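Written out below as structure tokens is the structure these notes cover.
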Amino acid sequence: MWEFVLDRRGQIAYQAFQHVSLVLQCVLLGTLIALLLAALVYRSAAATSLANGVSAVGLTIPAFALLGILLAPFGFGITPAVIAVTFYAALPVLRNAVVGLAGVDRSVVESARGIGMSRLATLVRVELPLAWPVILAGIRVSTQMVMGIAAIAAYVLGPGLGGFIFTGLSRLGGANALNSALAGTIAIVVLALVLDLLLLLVGRLTTPRGIRV
């Protein structure tokens, strides 16, 4: 296996870059969508329940099934991969954002409104910073989850390390088939651990000191 990795180190590095790029861009897009939706619904109990229900149901949809559905309108390539990965990336963030924003102490919000802050300013300067640790926990869960889903996106010829896994599985019993599948799998695990450590660092740098204490 070591020889396999050395012989293909350039290809592995390139596909690892593609994999991380796909995951980071989709998590960023999914987070923005989730925060926008959470900001619209968290003040309403009914809308909050609906958002949590959609998030829970969405996570039960098999990634293979969603990718198969997306093949009809979008065909093979990066488009169905981006849509599917972004969809799954948004769900944990949406749930945590709704919970985090709804959990902010109402007295703090009323104090901010009492000193003349607008509703938008209160959301941006008070509620989001207080809910940030919960939101970031959702982002971490989302990132770990879509690292694996991005590999499945190779089913529709999406970019990333999933190509090694599917190539190996399609040639099981052949030369280097197991090495190919293992190389892709291990690389994804390593990248997932690295990204999680980076998000931990981001949390320490961006969480208000008063909350950390």
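Each chain in the structure tokens gets a letter, A, B, ..., in the order shown, and its residues are numbered from 1; ligands are numbered from 1 in order too.
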key: Residues within 12 Å of range 72-77 of chain A, only C-alpha atoms, excluding chain neighbours under 2 positions, as a PyMOL selection string   = chain A and resi 65-70+79-84+153-160
Selection above as a file: N, CA and C atoms, as a PDB file, in the first residue's frame:
ATOM      1  N   ALA A  65     -29.629   8.023  -2.668  1.00  0.00           N
ATOM      2  CA  ALA A  65     -30.944   8.299  -3.239  1.00  0.00           C
ATOM      3  C   ALA A  65     -31.031   9.743  -3.726  1.00  0.00           C
ATOM      4  N   LEU A  66     -30.545  10.683  -2.910  1.00  0.00           N
ATOM      5  CA  LEU A  66     -30.602  12.088  -3.306  1.00  0.00           C
ATOM      6  C   LEU A  66     -29.759  12.339  -4.547  1.00  0.00           C
ATOM      7  N   LEU A  67     -28.572  11.754  -4.587  1.00  0.00           N
ATOM      8  CA  LEU A  67     -27.718  11.925  -5.765  1.00  0.00           C
ATOM      9  C   LEU A  67     -28.371  11.326  -7.004  1.00  0.00           C
ATOM     10  N   GLY A  68     -29.053  10.192  -6.829  1.00  0.00           N
ATOM     11  CA  GLY A  68     -29.748   9.578  -7.950  1.00  0.00           C
ATOM     12  C   GLY A  68     -30.869  10.461  -8.483  1.00  0.00           C
ATOM     13  N   ILE A  69     -31.598  11.107  -7.559  1.00  0.00           N
ATOM     14  CA  ILE A  69     -32.671  12.014  -7.969  1.00  0.00           C
ATOM     15  C   ILE A  69     -32.105  13.218  -8.726  1.00  0.00           C
ATOM     16  N   LEU A  70     -30.955  13.719  -8.249  1.00  0.00           N
ATOM     17  CA  LEU A  70     -30.366  14.905  -8.864  1.00  0.00           C
ATOM     18  C   LEU A  70     -29.757  14.624 -10.237  1.00  0.00           C
ATOM     19  N   THR A  79     -22.223  19.676 -10.284  1.00  0.00           N
ATOM     20  CA  THR A  79     -23.462  20.341  -9.841  1.00  0.00           C
ATOM     21  C   THR A  79     -24.270  19.495  -8.870  1.00  0.00           C
ATOM     22  N   PRO A  80     -24.611  18.232  -9.200  1.00  0.00           N
ATOM     23  CA  PRO A  80     -25.354  17.433  -8.218  1.00  0.00           C
ATOM     24  C   PRO A  80     -24.558  17.184  -6.945  1.00  0.00           C
ATOM     25  N   ALA A  81     -23.237  17.092  -7.057  1.00  0.00           N
ATOM     26  CA  ALA A  81     -22.406  16.884  -5.873  1.00  0.00           C
ATOM     27  C   ALA A  81     -22.502  18.087  -4.939  1.00  0.00           C
ATOM     28  N   VAL A  82     -22.413  19.297  -5.487  1.00  0.00           N
ATOM     29  CA  VAL A  82     -22.486  20.510  -4.671  1.00  0.00           C
ATOM     30  C   VAL A  82     -23.862  20.642  -4.021  1.00  0.00           C
ATOM     31  N   ILE A  83     -24.911  20.381  -4.776  1.00  0.00           N
ATOM     32  CA  ILE A  83     -26.262  20.504  -4.228  1.00  0.00           C
ATOM     33  C   ILE A  83     -26.473  19.530  -3.086  1.00  0.00           C
ATOM     34  N   ALA A  84     -26.074  18.275  -3.282  1.00  0.00           N
ATOM     35  CA  ALA A  84     -26.277  17.257  -2.249  1.00  0.00           C
ATOM     36  C   ALA A  84     -25.455  17.554  -0.998  1.00  0.00           C
ATOM     37  N   ALA A 153     -20.255  11.372  -3.361  1.00  0.00           N
ATOM     38  CA  ALA A 153     -20.529  12.185  -4.557  1.00  0.00           C
ATOM     39  C   ALA A 153     -19.731  11.714  -5.768  1.00  0.00           C
ATOM     40  N   ALA A 154     -18.716  10.895  -5.552  1.00  0.00           N
ATOM     41  CA  ALA A 154     -17.991  10.331  -6.694  1.00  0.00           C
ATOM     42  C   ALA A 154     -18.897   9.433  -7.527  1.00  0.00           C
ATOM     43  N   TYR A 155     -20.010   8.991  -6.946  1.00  0.00           N
ATOM     44  CA  TYR A 155     -21.010   8.192  -7.670  1.00  0.00           C
ATOM     45  C   TYR A 155     -21.547   8.947  -8.884  1.00  0.00           C
ATOM     46  N   VAL A 156     -21.612  10.285  -8.774  1.00  0.00           N
ATOM     47  CA  VAL A 156     -22.071  11.109  -9.906  1.00  0.00           C
ATOM     48  C   VAL A 156     -20.895  11.848 -10.534  1.00  0.00           C
ATOM     49  N   LEU A 157     -19.703  11.293 -10.358  1.00  0.00           N
ATOM     50  CA  LEU A 157     -18.470  11.850 -10.917  1.00  0.00           C
ATOM     51  C   LEU A 157     -18.120  13.197 -10.308  1.00  0.00           C
ATOM     52  N   GLY A 158     -18.467  13.372  -9.032  1.00  0.00           N
ATOM     53  CA  GLY A 158     -18.065  14.565  -8.313  1.00  0.00           C
ATOM     54  C   GLY A 158     -16.591  14.516  -7.968  1.00  0.00           C
ATOM     55  N   PRO A 159     -16.008  15.664  -7.601  1.00  0.00           N
ATOM     56  CA  PRO A 159     -14.573  15.706  -7.303  1.00  0.00           C
ATOM     57  C   PRO A 159     -14.277  15.114  -5.925  1.00  0.00           C
ATOM     58  N   GLY A 160     -13.006  14.758  -5.707  1.00  0.00           N
ATOM     59  CA  GLY A 160     -12.606  14.335  -4.374  1.00  0.00           C
ATOM     60  C   GLY A 160     -12.062  12.925  -4.315  1.00  0.00           C
TER      61      GLY A 160
END
Quick one: everything within 8 Å of Ala151 in chain A, counting only C-alpha atoms, minus sequence neighbours fewer than 4 positions away in the same chain. Send it as a PyMOL selection string. chain A and resi 19+147+160-163+165
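The list of residues with at least one atom within 12 Å of range 4-6 of chain A, based on only C-alpha atoms and without residues fewer than 5 positions apart in the same chain, reads Gln11, Ile12, Ala13, Phe164, Ala175, Asn176, Ala177, Leu178, Asn179, Ser180, Ala181, Leu182, Ala183, Gly184, Ile186 and Ala187 of chain A.
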Dump N, CA and C atoms for the selected residues as a JSON list (two decimals), in the first residue's frame?
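That gives us part-v5.json:
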[["chain", "number", "residue", "atom", "x", "y", "z"],
["A", 11, "GLN", "N", -1.55, 12.51, -7.47],
["A", 11, "GLN", "CA", -2.98, 12.37, -7.71],
["A", 11, "GLN", "C", -3.76, 12.40, -6.40],
["A", 12, "ILE", "N", -3.23, 11.74, -5.38],
["A", 12, "ILE", "CA", -3.90, 11.72, -4.08],
["A", 12, "ILE", "C", -3.96, 13.13, -3.49],
["A", 13, "ALA", "N", -2.84, 13.86, -3.60],
["A", 13, "ALA", "CA", -2.81, 15.22, -3.06],
["A", 13, "ALA", "C", -3.80, 16.12, -3.80],
["A", 164, "PHE", "N", -11.12, 7.24, -5.58],
["A", 164, "PHE", "CA", -10.25, 6.12, -5.19],
["A", 164, "PHE", "C", -11.07, 4.99, -4.58],
["A", 175, "ALA", "N", -5.65, -6.11, -8.98],
["A", 175, "ALA", "CA", -4.43, -5.52, -8.46],
["A", 175, "ALA", "C", -4.69, -4.11, -7.92],
["A", 176, "ASN", "N", -4.22, -3.87, -6.70],
["A", 176, "ASN", "CA", -4.30, -2.57, -6.04],
["A", 176, "ASN", "C", -5.73, -2.10, -5.74],
["A", 177, "ALA", "N", -6.72, -2.96, -5.89],
["A", 177, "ALA", "CA", -8.10, -2.56, -5.62],
["A", 177, "ALA", "C", -8.27, -2.18, -4.14],
["A", 178, "LEU", "N", -7.79, -3.04, -3.26],
["A", 178, "LEU", "CA", -7.90, -2.77, -1.82],
["A", 178, "LEU", "C", -7.07, -1.55, -1.44],
["A", 179, "ASN", "N", -5.87, -1.43, -2.02],
["A", 179, "ASN", "CA", -5.02, -0.27, -1.73],
["A", 179, "ASN", "C", -5.70, 1.03, -2.12],
["A", 180, "SER", "N", -6.39, 1.03, -3.26],
["A", 180, "SER", "CA", -7.09, 2.23, -3.72],
["A", 180, "SER", "C", -8.20, 2.62, -2.76],
["A", 181, "ALA", "N", -9.01, 1.65, -2.35],
["A", 181, "ALA", "CA", -10.11, 1.93, -1.42],
["A", 181, "ALA", "C", -9.59, 2.40, -0.07],
["A", 182, "LEU", "N", -8.54, 1.74, 0.43],
["A", 182, "LEU", "CA", -7.98, 2.12, 1.72],
["A", 182, "LEU", "C", -7.33, 3.50, 1.67],
["A", 183, "ALA", "N", -6.63, 3.79, 0.59],
["A", 183, "ALA", "CA", -5.96, 5.10, 0.47],
["A", 183, "ALA", "C", -6.99, 6.22, 0.52],
["A", 184, "GLY", "N", -8.08, 6.07, -0.21],
["A", 184, "GLY", "CA", -9.13, 7.09, -0.19],
["A", 184, "GLY", "C", -9.79, 7.22, 1.17],
["A", 186, "ILE", "N", -8.61, 6.30, 4.25],
["A", 186, "ILE", "CA", -7.70, 6.82, 5.28],
["A", 186, "ILE", "C", -7.45, 8.31, 5.07],
["A", 187, "ALA", "N", -7.31, 8.72, 3.83],
["A", 187, "ALA", "CA", -7.09, 10.15, 3.56],
["A", 187, "ALA", "C", -8.28, 10.99, 4.02]]
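Closest approach to Pro62 in chain A from the set A:Asp105, A:Ser44, A:Ile152, A:Gln18 is made by A:Ile152, with distances taken over only C-alpha atoms.
Contact shell of range 188-196 of chain A at 8 Å (only C-alpha atoms; same-chain neighbours under 4 positions omitted): Ala16, Val20, Arg140, Thr143, Gln144, Met147, Gly148, Leu161, Gly184 and Leu200 of chain A.
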Here CA of Ser111 in chain A and CA of Leu130 in chain A stand apart by 14.2 Å
Between A:Val99, A:Leu24, A:Ile33, A:Met117, smallest distance to Leu199 in chain A by only C-alpha atoms belongs to A:Leu24
Write out as a count of residues only all residues of range 122-194 of chain A that DSSP puts in helix (DSSP H, G or I) for this structure's backbone. 62
Residues within 9 Å of Val109 in chain A, only C-alpha atoms, excluding chain neighbours under 5 positions, as a PyMOL selection string = chain A and resi 104+114+122-123+126-127
Spatial neighbours of Gly30 in chain A, 7 Å, only C-alpha atoms, chain gap at least 4 places, as number ranges by chain:
A: 26, 34, 86-87, 89-90
Those residues you just picked out, can you put them in a file as a PDB file, in the first residue's frame with C-alpha atoms?
ATOM      1  CA  CYS A  26     -20.469  23.556   0.721  1.00  0.00           C
ATOM      2  CA  ALA A  34     -29.016  27.730   7.712  1.00  0.00           C
ATOM      3  CA  THR A  86     -24.704  21.635   0.671  1.00  0.00           C
ATOM      4  CA  PHE A  87     -28.122  20.173   1.519  1.00  0.00           C
ATOM      5  CA  ALA A  89     -24.240  20.467   5.401  1.00  0.00           C
ATOM      6  CA  ALA A  90     -27.057  22.897   6.185  1.00  0.00           C
TER       7      ALA A  90
END
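Nearest-residue note for Leu36 in chain A: choosing from A:Ala63, A:Met1, A:Val124, A:Ile78, the minimum distance belongs to A:Val124, counting only C-alpha atoms.
Proximity ranking of A:Ala150, A:Val54, A:Val202, A:Leu197 relative to Gln15 in chain A places A:Ala150 first, based on only C-alpha atoms.
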Atom pair CA of Leu172 in chain A + CA of Thr185 in chain A, distance 15.0 Å
